[in-house]
Amino acid sequence: AFLAGPTAAANADPAPTAPRPARPAPTAPLAATDYHAIVALSNCSGSVVRGPLSTDNDPALVLTNGHCSELGMPGPGQVIVNRSSSRSFTLLNRTGTGSLGTLRASQIEYSTMTDTDVTLYKLRTTYAQLKSQYGTDALRLSAAHPQAGTSISVVSGYWRTTYNCKIDAFVYRLHEASWVWKDSLRYTSSCNTIGGTSGSPVIDTASGLVVGVNNTSNENGEQCTLDNPCEVDQNGTTTIHQGIGYGQETYLLTQCLTATNDIDLTQAGCQLPRPA
């Protein structure tokens, strides 16, 4: 399933008043994965992140899914860059029990559901201002491809809930309806993510670095349909894993982020899809 909350992705803030799914029992977060830098969107989860080259005076970035954008789901092949946005985000306190304040975007820096499922917002607030106003440091994006067997936490700002499991394997191609994602993360079964967890950072619990962004799970055991992604290997063999969740790797973002926290799709080594 696209793991957004009960409101449509195009709905405006504030947070929805529609009934939500039954809240799962919270899992105690590990020391490396409390709720600092975690945000809640109106329909999804997200986090404040920074790349290896960013400086304290750069505008901060918020990471979530492509399908969580207020513009709606980007179509296959669609890539959105440098689009004006005033999206707001609720910044959680370290324990996840309350809000430190509201952050606001200036633009969608990058958004797509092709090869990956990511939206990166640029905020009107710098990392230094986040630290000064809220005492919050950003999560750091890992520049390395993650490893199978790594212990991870999927930290949802929407639900204030943390799911702990491991990276089970990497999926050559993950198909859901008309979208296809490359080299996706498959979780072990204890990360039983639900609607509203879309856009949660996938955090390596040993290092505290973000290695992915949570985006979907197979709900009903159907094959390659909406809410029921399927795996397709190099030989074209299709398999399904009902109840299993998936995320998209984020090291690709670090290959495209400049020293001024802009996505430069022409930068050497950048593998993110470009606008047509």
# chains A, B, ... in the order shown; residues from 1 in each chain; ligands from 1

$ residues_around --residues "region 177-189 of chain A" --least-positions-apart "4" --cutoff "8 Å" --atoms "only C-alpha atoms" --output "number ranges by chain"
A: 75-76, 113-117, 165-173, 212, 224-226, 229, 243-249

$ write_last_selection --atoms "N, CA and C atoms" --output "PDB file, in the first residue's frame"
ATOM      1  N   GLY A  75       2.999  11.094 -11.886  1.00  0.00           N
ATOM      2  CA  GLY A  75       2.780   9.973 -12.782  1.00  0.00           C
ATOM      3  C   GLY A  75       4.086   9.294 -13.139  1.00  0.00           C
ATOM      4  N   PRO A  76       4.022   8.075 -13.677  1.00  0.00           N
ATOM      5  CA  PRO A  76       5.237   7.392 -14.116  1.00  0.00           C
ATOM      6  C   PRO A  76       6.011   8.261 -15.110  1.00  0.00           C
ATOM      7  N   MET A 113       8.029   9.655  -8.459  1.00  0.00           N
ATOM      8  CA  MET A 113       7.709   8.274  -8.103  1.00  0.00           C
ATOM      9  C   MET A 113       8.262   7.329  -9.170  1.00  0.00           C
ATOM     10  N   THR A 114       9.257   7.782  -9.900  1.00  0.00           N
ATOM     11  CA  THR A 114       9.910   6.977 -10.918  1.00  0.00           C
ATOM     12  C   THR A 114      11.260   6.493 -10.394  1.00  0.00           C
ATOM     13  N   ASP A 115      11.492   5.205 -10.395  1.00  0.00           N
ATOM     14  CA  ASP A 115      12.702   4.543  -9.873  1.00  0.00           C
ATOM     15  C   ASP A 115      12.772   4.585  -8.355  1.00  0.00           C
ATOM     16  N   THR A 116      12.242   5.630  -7.757  1.00  0.00           N
ATOM     17  CA  THR A 116      12.190   5.779  -6.308  1.00  0.00           C
ATOM     18  C   THR A 116      10.882   6.471  -5.962  1.00  0.00           C
ATOM     19  N   ASP A 117      10.662   6.774  -4.697  1.00  0.00           N
ATOM     20  CA  ASP A 117       9.416   7.417  -4.253  1.00  0.00           C
ATOM     21  C   ASP A 117       9.784   8.461  -3.211  1.00  0.00           C
ATOM     22  N   CYS A 165      13.111  -3.444  12.947  1.00  0.00           N
ATOM     23  CA  CYS A 165      13.275  -4.711  12.237  1.00  0.00           C
ATOM     24  C   CYS A 165      14.650  -4.704  11.581  1.00  0.00           C
ATOM     25  N   LYS A 166      14.809  -5.487  10.508  1.00  0.00           N
ATOM     26  CA  LYS A 166      16.059  -5.519   9.757  1.00  0.00           C
ATOM     27  C   LYS A 166      15.768  -5.391   8.264  1.00  0.00           C
ATOM     28  N   ILE A 167      16.791  -4.995   7.517  1.00  0.00           N
ATOM     29  CA  ILE A 167      16.703  -5.065   6.059  1.00  0.00           C
ATOM     30  C   ILE A 167      16.808  -6.528   5.679  1.00  0.00           C
ATOM     31  N   ASP A 168      15.754  -7.056   5.089  1.00  0.00           N
ATOM     32  CA  ASP A 168      15.722  -8.468   4.722  1.00  0.00           C
ATOM     33  C   ASP A 168      16.464  -8.722   3.420  1.00  0.00           C
ATOM     34  N   ALA A 169      16.227  -7.866   2.420  1.00  0.00           N
ATOM     35  CA  ALA A 169      16.821  -8.062   1.095  1.00  0.00           C
ATOM     36  C   ALA A 169      16.604  -6.816   0.263  1.00  0.00           C
ATOM     37  N   PHE A 170      17.190  -6.825  -0.933  1.00  0.00           N
ATOM     38  CA  PHE A 170      17.006  -5.743  -1.902  1.00  0.00           C
ATOM     39  C   PHE A 170      16.227  -6.281  -3.097  1.00  0.00           C
ATOM     40  N   VAL A 171      15.250  -5.510  -3.546  1.00  0.00           N
ATOM     41  CA  VAL A 171      14.344  -5.937  -4.612  1.00  0.00           C
ATOM     42  C   VAL A 171      14.771  -5.289  -5.915  1.00  0.00           C
ATOM     43  N   TYR A 172      15.056  -6.104  -6.929  1.00  0.00           N
ATOM     44  CA  TYR A 172      15.534  -5.598  -8.220  1.00  0.00           C
ATOM     45  C   TYR A 172      14.556  -4.569  -8.785  1.00  0.00           C
ATOM     46  N   ARG A 173      13.280  -4.966  -8.914  1.00  0.00           N
ATOM     47  CA  ARG A 173      12.233  -4.037  -9.333  1.00  0.00           C
ATOM     48  C   ARG A 173      10.984  -4.297  -8.501  1.00  0.00           C
ATOM     49  N   GLY A 212      17.071   5.072   4.070  1.00  0.00           N
ATOM     50  CA  GLY A 212      15.927   4.894   3.191  1.00  0.00           C
ATOM     51  C   GLY A 212      14.743   5.715   3.640  1.00  0.00           C
ATOM     52  N   CYS A 224       0.958  -6.840  -7.906  1.00  0.00           N
ATOM     53  CA  CYS A 224       1.334  -5.655  -8.690  1.00  0.00           C
ATOM     54  C   CYS A 224       0.210  -4.626  -8.802  1.00  0.00           C
ATOM     55  N   THR A 225      -0.801  -4.682  -7.931  1.00  0.00           N
ATOM     56  CA  THR A 225      -1.900  -3.731  -7.978  1.00  0.00           C
ATOM     57  C   THR A 225      -1.671  -2.616  -6.963  1.00  0.00           C
ATOM     58  N   LEU A 226      -2.503  -1.567  -7.030  1.00  0.00           N
ATOM     59  CA  LEU A 226      -2.423  -0.500  -6.045  1.00  0.00           C
ATOM     60  C   LEU A 226      -2.602  -1.088  -4.645  1.00  0.00           C
ATOM     61  N   PRO A 229       2.174  -4.142  -3.851  1.00  0.00           N
ATOM     62  CA  PRO A 229       3.353  -4.209  -4.705  1.00  0.00           C
ATOM     63  C   PRO A 229       3.845  -5.646  -4.876  1.00  0.00           C
ATOM     64  N   GLY A 243       1.762  -8.620   3.480  1.00  0.00           N
ATOM     65  CA  GLY A 243       2.038  -8.098   4.812  1.00  0.00           C
ATOM     66  C   GLY A 243       3.434  -7.546   5.001  1.00  0.00           C
ATOM     67  N   ILE A 244       4.273  -7.622   3.974  1.00  0.00           N
ATOM     68  CA  ILE A 244       5.658  -7.168   4.084  1.00  0.00           C
ATOM     69  C   ILE A 244       5.785  -5.730   3.573  1.00  0.00           C
ATOM     70  N   GLY A 245       6.608  -4.949   4.279  1.00  0.00           N
ATOM     71  CA  GLY A 245       6.800  -3.543   3.948  1.00  0.00           C
ATOM     72  C   GLY A 245       8.084  -3.281   3.189  1.00  0.00           C
ATOM     73  N   TYR A 246       8.119  -2.126   2.527  1.00  0.00           N
ATOM     74  CA  TYR A 246       9.245  -1.754   1.671  1.00  0.00           C
ATOM     75  C   TYR A 246       9.596  -0.279   1.852  1.00  0.00           C
ATOM     76  N   GLY A 247      10.836   0.035   1.516  1.00  0.00           N
ATOM     77  CA  GLY A 247      11.285   1.420   1.482  1.00  0.00           C
ATOM     78  C   GLY A 247      12.196   1.644   0.294  1.00  0.00           C
ATOM     79  N   GLN A 248      12.536   2.910   0.048  1.00  0.00           N
ATOM     80  CA  GLN A 248      13.411   3.283  -1.060  1.00  0.00           C
ATOM     81  C   GLN A 248      14.716   3.857  -0.517  1.00  0.00           C
ATOM     82  N   GLU A 249      15.829   3.469  -1.132  1.00  0.00           N
ATOM     83  CA  GLU A 249      17.139   3.901  -0.670  1.00  0.00           C
ATOM     84  C   GLU A 249      17.331   5.408  -0.875  1.00  0.00           C
TER      85      GLU A 249
END

$ select_by_dssp --residues "region 11-125 of chain A" --states "strand (DSSP E or B)" --output "JSON list (two decimals) with N, CA, C and O atoms, in the first residue's frame"
[["chain", "number", "residue", "atom", "x", "y", "z"],
["A", 27, "THR", "N", 6.26, 0.81, 19.56],
["A", 27, "THR", "CA", 7.46, 0.03, 19.88],
["A", 27, "THR", "C", 8.46, 1.00, 20.48],
["A", 27, "THR", "O", 8.68, 2.07, 19.96],
["A", 38, "ILE", "N", 12.15, 14.47, 13.53],
["A", 38, "ILE", "CA", 11.00, 13.79, 12.91],
["A", 38, "ILE", "C", 9.86, 14.79, 12.79],
["A", 38, "ILE", "O", 9.58, 15.56, 13.72],
["A", 39, "VAL", "N", 9.17, 14.77, 11.63],
["A", 39, "VAL", "CA", 8.05, 15.67, 11.40],
["A", 39, "VAL", "C", 6.81, 14.88, 11.02],
["A", 39, "VAL", "O", 6.89, 13.75, 10.53],
["A", 40, "ALA", "N", 5.66, 15.49, 11.27],
["A", 40, "ALA", "CA", 4.37, 14.96, 10.82],
["A", 40, "ALA", "C", 3.82, 15.86, 9.74],
["A", 40, "ALA", "O", 3.85, 17.09, 9.86],
["A", 45, "SER", "N", 4.38, 10.93, 7.05],
["A", 45, "SER", "CA", 5.48, 11.16, 7.97],
["A", 45, "SER", "C", 6.67, 11.74, 7.20],
["A", 45, "SER", "O", 6.69, 11.73, 5.97],
["A", 46, "GLY", "N", 7.66, 12.24, 7.94],
["A", 46, "GLY", "CA", 8.84, 12.79, 7.29],
["A", 46, "GLY", "C", 9.93, 13.08, 8.30],
["A", 46, "GLY", "O", 9.77, 12.82, 9.50],
["A", 47, "SER", "N", 11.03, 13.64, 7.82],
["A", 47, "SER", "CA", 12.15, 13.95, 8.70],
["A", 47, "SER", "C", 12.96, 15.10, 8.12],
["A", 47, "SER", "O", 13.00, 15.30, 6.90],
["A", 48, "VAL", "N", 13.63, 15.84, 9.00],
["A", 48, "VAL", "CA", 14.57, 16.88, 8.59],
["A", 48, "VAL", "C", 15.91, 16.20, 8.37],
["A", 48, "VAL", "O", 16.43, 15.52, 9.27],
["A", 49, "VAL", "N", 16.46, 16.35, 7.17],
["A", 49, "VAL", "CA", 17.70, 15.65, 6.82],
["A", 49, "VAL", "C", 18.72, 16.61, 6.25],
["A", 49, "VAL", "O", 18.40, 17.71, 5.82],
["A", 50, "ARG", "N", 19.97, 16.14, 6.22],
["A", 50, "ARG", "CA", 21.03, 16.90, 5.56],
["A", 50, "ARG", "C", 22.00, 15.94, 4.91],
["A", 50, "ARG", "O", 22.18, 14.80, 5.35],
["A", 59, "PRO", "N", 19.48, 26.27, 3.93],
["A", 59, "PRO", "CA", 18.09, 25.96, 4.25],
["A", 59, "PRO", "C", 17.95, 24.46, 4.48],
["A", 59, "PRO", "O", 18.51, 23.64, 3.74],
["A", 60, "ALA", "N", 17.24, 24.10, 5.54],
["A", 60, "ALA", "CA", 17.08, 22.69, 5.89],
["A", 60, "ALA", "C", 16.16, 21.98, 4.88],
["A", 60, "ALA", "O", 15.37, 22.61, 4.19],
["A", 61, "LEU", "N", 16.29, 20.66, 4.82],
["A", 61, "LEU", "CA", 15.50, 19.84, 3.92],
["A", 61, "LEU", "C", 14.60, 18.90, 4.71],
["A", 61, "LEU", "O", 15.01, 18.38, 5.76],
["A", 62, "VAL", "N", 13.39, 18.67, 4.21],
["A", 62, "VAL", "CA", 12.49, 17.66, 4.75],
["A", 62, "VAL", "C", 12.30, 16.56, 3.72],
["A", 62, "VAL", "O", 12.00, 16.84, 2.55],
["A", 63, "LEU", "N", 12.48, 15.32, 4.16],
["A", 63, "LEU", "CA", 12.36, 14.14, 3.31],
["A", 63, "LEU", "C", 11.04, 13.43, 3.58],
["A", 63, "LEU", "O", 10.68, 13.18, 4.73],
["A", 64, "THR", "N", 10.31, 13.11, 2.52],
["A", 64, "THR", "CA", 9.12, 12.28, 2.61],
["A", 64, "THR", "C", 8.98, 11.56, 1.27],
["A", 64, "THR", "O", 9.93, 11.48, 0.49],
["A", 79, "VAL", "N", 8.91, 14.00, -13.15],
["A", 79, "VAL", "CA", 9.87, 14.50, -12.17],
["A", 79, "VAL", "C", 9.59, 15.98, -11.96],
["A", 79, "VAL", "O", 9.50, 16.75, -12.92],
["A", 80, "ILE", "N", 9.43, 16.39, -10.70],
["A", 80, "ILE", "CA", 9.13, 17.78, -10.35],
["A", 80, "ILE", "C", 10.34, 18.37, -9.65],
["A", 80, "ILE", "O", 10.87, 17.78, -8.69],
["A", 81, "VAL", "N", 10.80, 19.53, -10.11],
["A", 81, "VAL", "CA", 11.94, 20.19, -9.49],
["A", 81, "VAL", "C", 11.62, 21.67, -9.27],
["A", 81, "VAL", "O", 10.91, 22.30, -10.07],
["A", 82, "ASN", "N", 12.12, 22.20, -8.16],
["A", 82, "ASN", "CA", 12.07, 23.64, -7.88],
["A", 82, "ASN", "C", 10.67, 24.23, -8.05],
["A", 82, "ASN", "O", 10.48, 25.26, -8.68],
["A", 83, "ARG", "N", 9.70, 23.56, -7.43],
["A", 83, "ARG", "CA", 8.31, 24.03, -7.48],
["A", 83, "ARG", "C", 7.97, 24.75, -6.17],
["A", 83, "ARG", "O", 8.19, 24.21, -5.08],
["A", 84, "SER", "N", 7.44, 25.95, -6.25],
["A", 84, "SER", "CA", 7.10, 26.72, -5.06],
["A", 84, "SER", "C", 6.13, 25.94, -4.17],
["A", 84, "SER", "O", 5.21, 25.28, -4.65],
["A", 88, "SER", "N", 3.37, 22.88, 5.34],
["A", 88, "SER", "CA", 3.80, 22.99, 6.73],
["A", 88, "SER", "C", 4.03, 21.60, 7.33],
["A", 88, "SER", "O", 3.43, 20.61, 6.90],
["A", 89, "PHE", "N", 4.91, 21.55, 8.32],
["A", 89, "PHE", "CA", 5.31, 20.31, 8.97],
["A", 89, "PHE", "C", 5.35, 20.54, 10.48],
["A", 89, "PHE", "O", 5.84, 21.56, 10.94],
["A", 90, "THR", "N", 4.84, 19.58, 11.23],
["A", 90, "THR", "CA", 4.90, 19.64, 12.68],
["A", 90, "THR", "C", 6.18, 18.98, 13.15],
["A", 90, "THR", "O", 6.39, 17.77, 12.92],
["A", 91, "LEU", "N", 7.06, 19.74, 13.79],
["A", 91, "LEU", "CA", 8.33, 19.21, 14.30],
["A", 91, "LEU", "C", 8.10, 18.62, 15.69],
["A", 91, "LEU", "O", 7.66, 19.32, 16.60],
["A", 92, "LEU", "N", 8.41, 17.34, 15.86],
["A", 92, "LEU", "CA", 8.18, 16.66, 17.13],
["A", 92, "LEU", "C", 9.32, 16.91, 18.11],
["A", 92, "LEU", "O", 10.46, 17.17, 17.71],
["A", 99, "SER", "N", 4.80, 18.70, 20.22],
["A", 99, "SER", "CA", 5.33, 19.47, 19.09],
["A", 99, "SER", "C", 6.24, 20.58, 19.58],
["A", 99, "SER", "O", 5.94, 21.26, 20.56],
["A", 100, "LEU", "N", 7.35, 20.76, 18.86],
["A", 100, "LEU", "CA", 8.23, 21.88, 19.15],
["A", 100, "LEU", "C", 7.82, 23.13, 18.38],
["A", 100, "LEU", "O", 8.14, 24.24, 18.79],
["A", 101, "GLY", "N", 7.13, 22.94, 17.27],
["A", 101, "GLY", "CA", 6.72, 24.08, 16.45],
["A", 101, "GLY", "C", 6.37, 23.62, 15.04],
["A", 101, "GLY", "O", 6.37, 22.43, 14.73],
["A", 102, "THR", "N", 6.06, 24.59, 14.20],
["A", 102, "THR", "CA", 5.68, 24.34, 12.81],
["A", 102, "THR", "C", 6.76, 24.86, 11.88],
["A", 102, "THR", "O", 7.18, 26.02, 11.98],
["A", 103, "LEU", "N", 7.21, 24.01, 10.98],
["A", 103, "LEU", "CA", 8.16, 24.38, 9.94],
["A", 103, "LEU", "C", 7.40, 24.59, 8.64],
["A", 103, "LEU", "O", 6.36, 23.97, 8.42],
["A", 104, "ARG", "N", 7.92, 25.43, 7.76],
["A", 104, "ARG", "CA", 7.23, 25.68, 6.50],
["A", 104, "ARG", "C", 8.21, 25.62, 5.34],
["A", 104, "ARG", "O", 9.34, 26.09, 5.42],
["A", 105, "ALA", "N", 7.75, 25.01, 4.25],
["A", 105, "ALA", "CA", 8.58, 24.88, 3.06],
["A", 105, "ALA", "C", 8.60, 26.17, 2.26],
["A", 105, "ALA", "O", 7.67, 26.98, 2.32],
["A", 106, "SER", "N", 9.64, 26.35, 1.48],
["A", 106, "SER", "CA", 9.69, 27.39, 0.47],
["A", 106, "SER", "C", 9.49, 26.79, -0.92],
["A", 106, "SER", "O", 8.96, 27.45, -1.81],
["A", 107, "GLN", "N", 9.93, 25.52, -1.09],
["A", 107, "GLN", "CA", 9.75, 24.88, -2.39],
["A", 107, "GLN", "C", 9.89, 23.37, -2.29],
["A", 107, "GLN", "O", 10.44, 22.85, -1.32],
["A", 108, "ILE", "N", 9.35, 22.71, -3.29],
["A", 108, "ILE", "CA", 9.66, 21.30, -3.52],
["A", 108, "ILE", "C", 10.96, 21.28, -4.30],
["A", 108, "ILE", "O", 11.02, 21.70, -5.46],
["A", 109, "GLU", "N", 12.01, 20.82, -3.67],
["A", 109, "GLU", "CA", 13.31, 20.76, -4.33],
["A", 109, "GLU", "C", 13.33, 19.65, -5.39],
["A", 109, "GLU", "O", 13.87, 19.84, -6.48],
["A", 110, "TYR", "N", 12.70, 18.52, -5.06],
["A", 110, "TYR", "CA", 12.70, 17.38, -5.97],
["A", 110, "TYR", "C", 11.58, 16.44, -5.57],
["A", 110, "TYR", "O", 11.36, 16.19, -4.38],
["A", 111, "SER", "N", 10.87, 15.89, -6.55],
["A", 111, "SER", "CA", 9.80, 14.94, -6.26],
["A", 111, "SER", "C", 9.58, 14.03, -7.45],
["A", 111, "SER", "O", 9.51, 14.49, -8.60],
["A", 112, "THR", "N", 9.49, 12.72, -7.19],
["A", 112, "THR", "CA", 9.20, 11.76, -8.24],
["A", 112, "THR", "C", 8.70, 10.45, -7.63],
["A", 112, "THR", "O", 8.92, 10.19, -6.44],
["A", 115, "ASP", "N", 11.49, 5.20, -10.39],
["A", 115, "ASP", "CA", 12.70, 4.54, -9.87],
["A", 115, "ASP", "C", 12.77, 4.59, -8.36],
["A", 115, "ASP", "O", 13.35, 3.70, -7.73],
["A", 118, "VAL", "N", 10.13, 9.65, -3.68],
["A", 118, "VAL", "CA", 10.72, 10.64, -2.79],
["A", 118, "VAL", "C", 10.24, 12.04, -3.13],
["A", 118, "VAL", "O", 10.06, 12.40, -4.29],
["A", 119, "THR", "N", 9.99, 12.83, -2.08],
["A", 119, "THR", "CA", 9.87, 14.28, -2.19],
["A", 119, "THR", "C", 10.85, 14.90, -1.20],
["A", 119, "THR", "O", 10.91, 14.48, -0.03],
["A", 120, "LEU", "N", 11.60, 15.88, -1.67],
["A", 120, "LEU", "CA", 12.53, 16.61, -0.82],
["A", 120, "LEU", "C", 12.10, 18.07, -0.84],
["A", 120, "LEU", "O", 12.08, 18.72, -1.89],
["A", 121, "TYR", "N", 11.68, 18.56, 0.33],
["A", 121, "TYR", "CA", 11.26, 19.96, 0.48],
["A", 121, "TYR", "C", 12.43, 20.79, 1.01],
["A", 121, "TYR", "O", 13.19, 20.34, 1.87],
["A", 122, "LYS", "N", 12.54, 22.03, 0.51],
["A", 122, "LYS", "CA", 13.47, 22.99, 1.09],
["A", 122, "LYS", "C", 12.68, 23.90, 2.02],
["A", 122, "LYS", "O", 11.61, 24.41, 1.65],
["A", 123, "LEU", "N", 13.18, 24.08, 3.25],
["A", 123, "LEU", "CA", 12.48, 24.88, 4.25],
["A", 123, "LEU", "C", 12.92, 26.34, 4.21],
["A", 123, "LEU", "O", 13.94, 26.69, 3.62],
["A", 124, "ARG", "N", 12.12, 27.16, 4.89],
["A", 124, "ARG", "CA", 12.48, 28.58, 5.06],
["A", 124, "ARG", "C", 13.41, 28.77, 6.26],
["A", 124, "ARG", "O", 13.80, 29.89, 6.57],
["A", 125, "THR", "N", 13.76, 27.66, 6.91],
["A", 125, "THR", "CA", 14.58, 27.66, 8.12],
["A", 125, "THR", "C", 15.90, 26.97, 7.84],
["A", 125, "THR", "O", 15.93, 25.94, 7.17]]

$ select_by_dssp --residues "region 107-242 of chain A" --states "alpha helix (DSSP H)" --output "list in words"
Tyr127, Ala128, Gln129, Leu130, Lys131, Ser132, Gln133 and Tyr134 of chain A

$ write_last_selection --atoms "N, CA, C and O atoms" --output "short mmCIF file (atom, residue, chain, number, x, y, z; two decimals), in the first residue's frame"
data_model
loop_
_atom_site.label_atom_id
_atom_site.label_comp_id
_atom_site.auth_asym_id
_atom_site.auth_seq_id
_atom_site.Cartn_x
_atom_site.Cartn_y
_atom_site.Cartn_z
N TYR A 127 19.56 25.06 9.10
CA TYR A 127 19.91 24.10 10.15
C TYR A 127 20.33 24.82 11.43
O TYR A 127 20.00 24.39 12.53
N ALA A 128 21.04 25.93 11.27
CA ALA A 128 21.46 26.70 12.45
C ALA A 128 20.25 27.25 13.19
O ALA A 128 20.22 27.25 14.44
N GLN A 129 19.26 27.73 12.46
CA GLN A 129 18.04 28.24 13.09
C GLN A 129 17.25 27.13 13.79
O GLN A 129 16.68 27.34 14.86
N LEU A 130 17.20 25.94 13.18
CA LEU A 130 16.55 24.80 13.83
C LEU A 130 17.21 24.48 15.16
O LEU A 130 16.54 24.21 16.15
N LYS A 131 18.53 24.52 15.17
CA LYS A 131 19.27 24.24 16.39
C LYS A 131 19.04 25.32 17.43
O LYS A 131 18.81 25.03 18.62
N SER A 132 19.05 26.58 16.99
CA SER A 132 18.89 27.70 17.91
C SER A 132 17.47 27.78 18.48
O SER A 132 17.28 27.98 19.69
N GLN A 133 16.46 27.62 17.60
CA GLN A 133 15.07 27.78 18.03
C GLN A 133 14.52 26.56 18.75
O GLN A 133 13.75 26.69 19.70
N TYR A 134 14.90 25.36 18.28
CA TYR A 134 14.26 24.14 18.78
C TYR A 134 15.22 23.15 19.42
O TYR A 134 14.79 22.13 19.95
#

$ residues_around --residues "Asn261 (chain A)" --least-positions-apart "3" --cutoff "7 Å" --atoms "only C-alpha atoms" --output "number ranges by chain"
A: 54, 58, 257-258

$ atom_distance --atom1 "CA of Gly195 (chain A)" --atom2 "CA of Arg274 (chain A)"
28.7 Å

$ residues_around --residues "Ala144 (chain A)" --least-positions-apart "6" --cutoff "12 Å" --atoms "only C-alpha atoms" --output "list in words"
Gly51, Pro52, Asp204, Ser207, Leu209, Val210, Val211, Gly212, Glu249, Thr250, Tyr251, Leu252, Leu253, Thr254 and Gln255 of chain A

$ residues_around --residues "Arg94 (chain A)" --least-positions-apart "2" --cutoff "8 Å" --atoms "only C-alpha atoms" --output "JSON list (two decimals) with N, CA and C atoms, in the first residue's frame"
[["chain", "number", "residue", "atom", "x", "y", "z"],
["A", 34, "ASP", "N", 15.37, 8.19, 18.42],
["A", 34, "ASP", "CA", 14.27, 8.86, 19.09],
["A", 34, "ASP", "C", 13.58, 9.75, 18.04],
["A", 35, "TYR", "N", 12.81, 10.73, 18.47],
["A", 35, "TYR", "CA", 12.00, 11.49, 17.52],
["A", 35, "TYR", "C", 12.59, 12.85, 17.18],
["A", 36, "HIS", "N", 13.87, 13.06, 17.48],
["A", 36, "HIS", "CA", 14.46, 14.34, 17.07],
["A", 36, "HIS", "C", 14.54, 14.38, 15.55],
["A", 37, "ALA", "N", 14.22, 15.52, 14.98],
["A", 37, "ALA", "CA", 14.22, 15.77, 13.53],
["A", 37, "ALA", "C", 13.09, 15.06, 12.80],
["A", 92, "LEU", "N", 8.41, 17.34, 15.86],
["A", 92, "LEU", "CA", 8.18, 16.66, 17.13],
["A", 92, "LEU", "C", 9.32, 16.91, 18.11],
["A", 96, "GLY", "N", 8.66, 12.37, 21.13],
["A", 96, "GLY", "CA", 7.50, 12.15, 20.29],
["A", 96, "GLY", "C", 6.18, 12.42, 20.98],
["A", 97, "THR", "N", 6.22, 13.04, 22.16],
["A", 97, "THR", "CA", 5.01, 13.28, 22.93],
["A", 97, "THR", "C", 4.39, 14.64, 22.68]]

$ atom_distance --atom1 "CA of Val155 (chain A)" --atom2 "CA of Val213 (chain A)"
9.8 Å

$ closest_residue --among "A:Gly66, A:Gly5, A:Gly98, A:Pro74" --to "Tyr158 (chain A)" --atoms "only C-alpha atoms"
A:Gly5

$ residues_around --residues "Trp159 (chain A)" --least-positions-apart "2" --cutoff "8 Å" --atoms "only C-alpha atoms" --output "JSON, numbers by chain"
{"A": [23, 156, 157, 161, 196, 197]}

$ closest_residue --among "A:Leu71, A:Ile263, A:Leu272, A:Leu41" --to "Leu53 (chain A)" --atoms "only C-alpha atoms"
A:Ile263

$ closest_residue --among "A:Leu174, A:Gly135, A:Asn93, A:Asn65" --to "Asp233 (chain A)" --atoms "only C-alpha atoms"
A:Leu174

$ closest_residue --among "A:Val154, A:Ala276, A:Ala1, A:Cys256" --to "Asn228 (chain A)" --atoms "only C-alpha atoms"
A:Ala1

$ atom_distance --atom1 "CA of Ser69 (chain A)" --atom2 "CA of Ser198 (chain A)"
11.0 Å

$ closest_residue --among "A:Pro275, A:Thr205, A:Thr95, A:Thr126" --to "Asn57 (chain A)" --atoms "only C-alpha atoms"
A:Thr126
